[in-house]
Amino acid sequence: MAQRVPVIGLGTYLVRRMNRCSGRLQLQYSTLAEATKVCAAVKYAIDVGYRHFDCAYLYGNEKEIGQANAAKISEGIVTREELFVTSKLWNTFHSRAKVAEGVAISLKRLSLDYLDLFLIHFPMGYKEGRSSHPGSYSDVDYLETWKALEDVVDSGKVRAIGISNFNVPQTKRILDHCRIRPLCNQIEVNVYLQNRALVDFCAKNHVAVVAYAPLGGEYAEVGSDLGSPLADPVVHETAQKYGKTPAQILIKFLLQQNLIAVPKSVTKSRIKQNFDVFDFTLEEPDMSCLRALDKGQMYRSTAMLNVCDHKYYPFHAE
């Protein structure tokens, strides 16, 4: 049965911070306070109309997201069947023997009997264990991981499966060897990083593209010599023309290309604004001006340079 994916979801990865000493971005996983914010954000998002929630083992807040969903189901605001919940298999669960365990952990944390969508978070495998960033790699082929996910679909624990951060050759390799086709490839896409070759390949092969960091990733929050899409003059001029916010223009730009967007926020006004994009259409001249803003791969914020020597590192190609 084909899965219907809501075109806007709430991203729940809220752990990027600036190291004040080095000035460099570092990954730090959700504290209890941050996870509590996510819980409140999910509850509010459901009230606004969101039904798609993008989660992952890595984010460290699936328990709180599960509590928020359960509370809204209990209140009668939404049913489980109306929700579309995605999670992702972390790199330490890539072997055939560990995939089912990775799924089970996310199901338990989210208090769910099944997931609507489950993704391989990255093609790179790490040494097995609970550590998020172990010091050594696994040589497990992601095709082995995929075949194990196909078995999980057969079990009923997952309705659909997909990939995340896979480049064109890696996506093609999955398609060439799969029994169950990937529903989507979740990749970083925004007006400054449009990933045209990969987006076009996925469209040609009927693989949906889910765009994370649709507002610009870390650069949108921290600032960079490359600038932020949210501060781009063209984006601002377009926002003024349509009476919308820059964020709404950036999201609509993706939706009009048949991409699914998962912007993240814990701020009520922004959560609501990001969802309020269905009452206008960008005209083609404006779409063309926005397409011209592409800065290419230099703008990628999720580069994972610390593991660029892994044999399945994806970002050497689109």
# chains A, B, ... in the order shown; residues from 1 in each chain; ligands from 1
call {"tool": "residues_around", "arguments": {"residues": "Glu64 (chain A)", "least_positions_apart": "4", "cutoff": "8 Å", "atoms": "only C-alpha atoms", "output": "list in words"}}
result
Ala35, Thr36, Val38, Cys39, Ala68 and Leu110 of chain A
call {"tool": "write_last_selection", "arguments": {"atoms": "N, CA and C atoms", "output": "compact mmCIF listing (two decimals), in the first residue's frame"}}
result
# COMPACT_ATOMS: atom_id res chain seq x y z
N ALA A 35 14.73 18.70 25.45
CA ALA A 35 13.74 17.68 25.13
C ALA A 35 12.35 18.12 25.58
N THR A 36 12.28 18.79 26.73
CA THR A 36 11.00 19.30 27.21
C THR A 36 10.43 20.34 26.26
N VAL A 38 10.94 20.38 23.07
CA VAL A 38 10.47 19.63 21.90
C VAL A 38 9.09 19.06 22.17
N CYS A 39 8.88 18.55 23.38
CA CYS A 39 7.57 18.00 23.75
C CYS A 39 6.48 19.06 23.60
N ALA A 68 4.30 13.59 23.82
CA ALA A 68 3.47 14.65 23.23
C ALA A 68 2.40 14.06 22.33
N LEU A 110 9.25 6.11 21.41
CA LEU A 110 8.13 6.87 20.87
C LEU A 110 6.77 6.33 21.34
call {"tool": "residues_around", "arguments": {"residues": "region 161-164 of chain A", "least_positions_apart": "6", "cutoff": "8 Å", "atoms": "only C-alpha atoms", "output": "list in words"}}
result
Leu117, Phe118, Leu119, Ile120, His121, Phe122, Pro123, Leu149, Glu150, Val153, Arg181, Pro182, Leu183, Cys184, Asn185, Gln186 and Ile187 of chain A
call {"tool": "select_by_dssp", "arguments": {"residues": "region 47-183 of chain A", "states": "strand (DSSP E)", "output": "number ranges by chain"}}
result
A: 52-54, 84-89, 117-120, 161-164
call {"tool": "closest_atom_pairs", "arguments": {"of": "region 233-293 of chain A", "to": "region 196-218 of chain A", "cutoff": "7 Å", "atoms": "only C-alpha atoms", "output": "JSON lines"}}
result
{"residue": "A:Ala247", "atom": "CA", "partner": "A:Leu215", "partner_atom": "CA", "distance": 6.4}
{"residue": "A:Leu250", "atom": "CA", "partner": "A:Leu215", "partner_atom": "CA", "distance": 6.3}
{"residue": "A:Ile251", "atom": "CA", "partner": "A:Pro214", "partner_atom": "CA", "distance": 6.5}
{"residue": "A:Leu259", "atom": "CA", "partner": "A:Val209", "partner_atom": "CA", "distance": 5.4}
{"residue": "A:Ile260", "atom": "CA", "partner": "A:Val210", "partner_atom": "CA", "distance": 4.6}
{"residue": "A:Ala261", "atom": "CA", "partner": "A:Ala211", "partner_atom": "CA", "distance": 4.9}
{"residue": "A:Val262", "atom": "CA", "partner": "A:Tyr212", "partner_atom": "CA", "distance": 5.5}
{"residue": "A:Pro263", "atom": "CA", "partner": "A:Pro214", "partner_atom": "CA", "distance": 5.9}
call {"tool": "write_last_selection", "arguments": {"atoms": "N, CA and C atoms", "output": "PDB file, in the first residue's frame"}}
result
ATOM      1  N   ALA A 247      10.851  32.854   5.734  1.00  0.00           N
ATOM      2  CA  ALA A 247      10.792  31.405   5.963  1.00  0.00           C
ATOM      3  C   ALA A 247       9.674  30.776   5.135  1.00  0.00           C
ATOM      4  N   LEU A 250      10.817  30.415   1.569  1.00  0.00           N
ATOM      5  CA  LEU A 250      11.792  29.331   1.409  1.00  0.00           C
ATOM      6  C   LEU A 250      11.111  27.963   1.416  1.00  0.00           C
ATOM      7  N   ILE A 251      10.121  27.799   2.268  1.00  0.00           N
ATOM      8  CA  ILE A 251       9.388  26.524   2.330  1.00  0.00           C
ATOM      9  C   ILE A 251       8.548  26.339   1.070  1.00  0.00           C
ATOM     10  N   LEU A 259       8.841  18.807  -3.378  1.00  0.00           N
ATOM     11  CA  LEU A 259       9.659  18.327  -2.270  1.00  0.00           C
ATOM     12  C   LEU A 259       8.849  18.404  -0.985  1.00  0.00           C
ATOM     13  N   ILE A 260       9.203  17.569  -0.023  1.00  0.00           N
ATOM     14  CA  ILE A 260       8.604  17.572   1.310  1.00  0.00           C
ATOM     15  C   ILE A 260       9.566  18.316   2.228  1.00  0.00           C
ATOM     16  N   ALA A 261       9.077  19.234   3.030  1.00  0.00           N
ATOM     17  CA  ALA A 261       9.937  20.051   3.884  1.00  0.00           C
ATOM     18  C   ALA A 261       9.705  19.748   5.360  1.00  0.00           C
ATOM     19  N   VAL A 262      10.799  19.703   6.127  1.00  0.00           N
ATOM     20  CA  VAL A 262      10.693  19.457   7.570  1.00  0.00           C
ATOM     21  C   VAL A 262      11.449  20.545   8.349  1.00  0.00           C
ATOM     22  N   PRO A 263      10.927  21.779   8.342  1.00  0.00           N
ATOM     23  CA  PRO A 263      11.563  22.840   9.120  1.00  0.00           C
ATOM     24  C   PRO A 263      11.466  22.550  10.615  1.00  0.00           C
TER      25      PRO A 263
END
call {"tool": "residues_around", "arguments": {"residues": "region 41-47 of chain A", "least_positions_apart": "3", "cutoff": "12 Å", "atoms": "only C-alpha atoms", "output": "PyMOL selection string"}}
result
chain A and resi 8-12+14+34-38+50-55+61-80+82-85+263-276
call {"tool": "write_last_selection", "arguments": {"atoms": "C-alpha atoms", "output": "PDB file, in the first residue's frame"}}
result
ATOM      1  CA  ILE A   8       5.288  19.663   5.762  1.00  0.00           C
ATOM      2  CA  GLY A   9       6.670  18.014   8.857  1.00  0.00           C
ATOM      3  CA  LEU A  10       8.169  19.274  12.085  1.00  0.00           C
ATOM      4  CA  GLY A  11      11.895  18.654  12.326  1.00  0.00           C
ATOM      5  CA  THR A  12      12.958  17.675  15.832  1.00  0.00           C
ATOM      6  CA  LEU A  14      17.395  20.818  17.956  1.00  0.00           C
ATOM      7  CA  GLU A  34      15.726  20.920  25.312  1.00  0.00           C
ATOM      8  CA  ALA A  35      13.740  17.684  25.125  1.00  0.00           C
ATOM      9  CA  THR A  36      11.000  19.303  27.213  1.00  0.00           C
ATOM     10  CA  LYS A  37      10.865  22.158  24.697  1.00  0.00           C
ATOM     11  CA  VAL A  38      10.472  19.629  21.900  1.00  0.00           C
ATOM     12  CA  TYR A  50       1.007  19.308  11.679  1.00  0.00           C
ATOM     13  CA  ARG A  51       0.693  15.565  11.308  1.00  0.00           C
ATOM     14  CA  HIS A  52       4.219  14.678  10.138  1.00  0.00           C
ATOM     15  CA  PHE A  53       7.047  14.455  12.704  1.00  0.00           C
ATOM     16  CA  ASP A  54      10.646  13.776  11.736  1.00  0.00           C
ATOM     17  CA  CYS A  55      12.522  11.984  14.519  1.00  0.00           C
ATOM     18  CA  ASN A  61      14.343  13.252  22.353  1.00  0.00           C
ATOM     19  CA  GLU A  62      12.105  10.480  20.981  1.00  0.00           C
ATOM     20  CA  LYS A  63      10.692   9.733  24.433  1.00  0.00           C
ATOM     21  CA  GLU A  64       9.391  13.290  24.825  1.00  0.00           C
ATOM     22  CA  ILE A  65       7.980  13.316  21.279  1.00  0.00           C
ATOM     23  CA  GLY A  66       6.155  10.086  22.067  1.00  0.00           C
ATOM     24  CA  GLN A  67       4.725  11.644  25.212  1.00  0.00           C
ATOM     25  CA  ALA A  68       3.473  14.646  23.233  1.00  0.00           C
ATOM     26  CA  ASN A  69       1.809  12.480  20.598  1.00  0.00           C
ATOM     27  CA  ALA A  70       0.225  10.265  23.242  1.00  0.00           C
ATOM     28  CA  ALA A  71      -1.145  13.291  25.109  1.00  0.00           C
ATOM     29  CA  LYS A  72      -2.819  14.670  21.982  1.00  0.00           C
ATOM     30  CA  ILE A  73      -4.235  11.265  21.077  1.00  0.00           C
ATOM     31  CA  SER A  74      -5.612  10.958  24.620  1.00  0.00           C
ATOM     32  CA  GLU A  75      -7.211  14.413  24.326  1.00  0.00           C
ATOM     33  CA  GLY A  76      -8.945  13.334  21.133  1.00  0.00           C
ATOM     34  CA  ILE A  77      -7.212  16.028  19.058  1.00  0.00           C
ATOM     35  CA  VAL A  78      -5.668  13.483  16.711  1.00  0.00           C
ATOM     36  CA  THR A  79      -5.657   9.730  16.134  1.00  0.00           C
ATOM     37  CA  ARG A  80      -2.597   7.558  15.681  1.00  0.00           C
ATOM     38  CA  GLU A  82      -3.627  10.593  11.331  1.00  0.00           C
ATOM     39  CA  LEU A  83      -0.014  10.949  12.450  1.00  0.00           C
ATOM     40  CA  PHE A  84       2.960  10.269  10.194  1.00  0.00           C
ATOM     41  CA  VAL A  85       5.999   9.510  12.349  1.00  0.00           C
ATOM     42  CA  PRO A 263      11.563  22.840   9.120  1.00  0.00           C
ATOM     43  CA  LYS A 264      12.457  22.777  12.796  1.00  0.00           C
ATOM     44  CA  SER A 265      11.486  25.199  15.535  1.00  0.00           C
ATOM     45  CA  VAL A 266      10.330  25.275  19.151  1.00  0.00           C
ATOM     46  CA  THR A 267       8.948  28.811  18.847  1.00  0.00           C
ATOM     47  CA  LYS A 268       5.151  28.866  18.591  1.00  0.00           C
ATOM     48  CA  SER A 269       4.941  31.773  16.159  1.00  0.00           C
ATOM     49  CA  ARG A 270       7.458  30.178  13.801  1.00  0.00           C
ATOM     50  CA  ILE A 271       5.869  26.740  14.015  1.00  0.00           C
ATOM     51  CA  LYS A 272       2.571  28.296  12.968  1.00  0.00           C
ATOM     52  CA  GLN A 273       4.093  30.494  10.246  1.00  0.00           C
ATOM     53  CA  ASN A 274       6.017  27.586   8.724  1.00  0.00           C
ATOM     54  CA  PHE A 275       2.742  25.700   8.292  1.00  0.00           C
ATOM     55  CA  ASP A 276       0.844  28.673   6.851  1.00  0.00           C
TER      56      ASP A 276
END
call {"tool": "atom_distance", "arguments": {"atom1": "CA of Met298 (chain A)", "atom2": "CA of Ala231 (chain A)"}}
result
17.9 Å
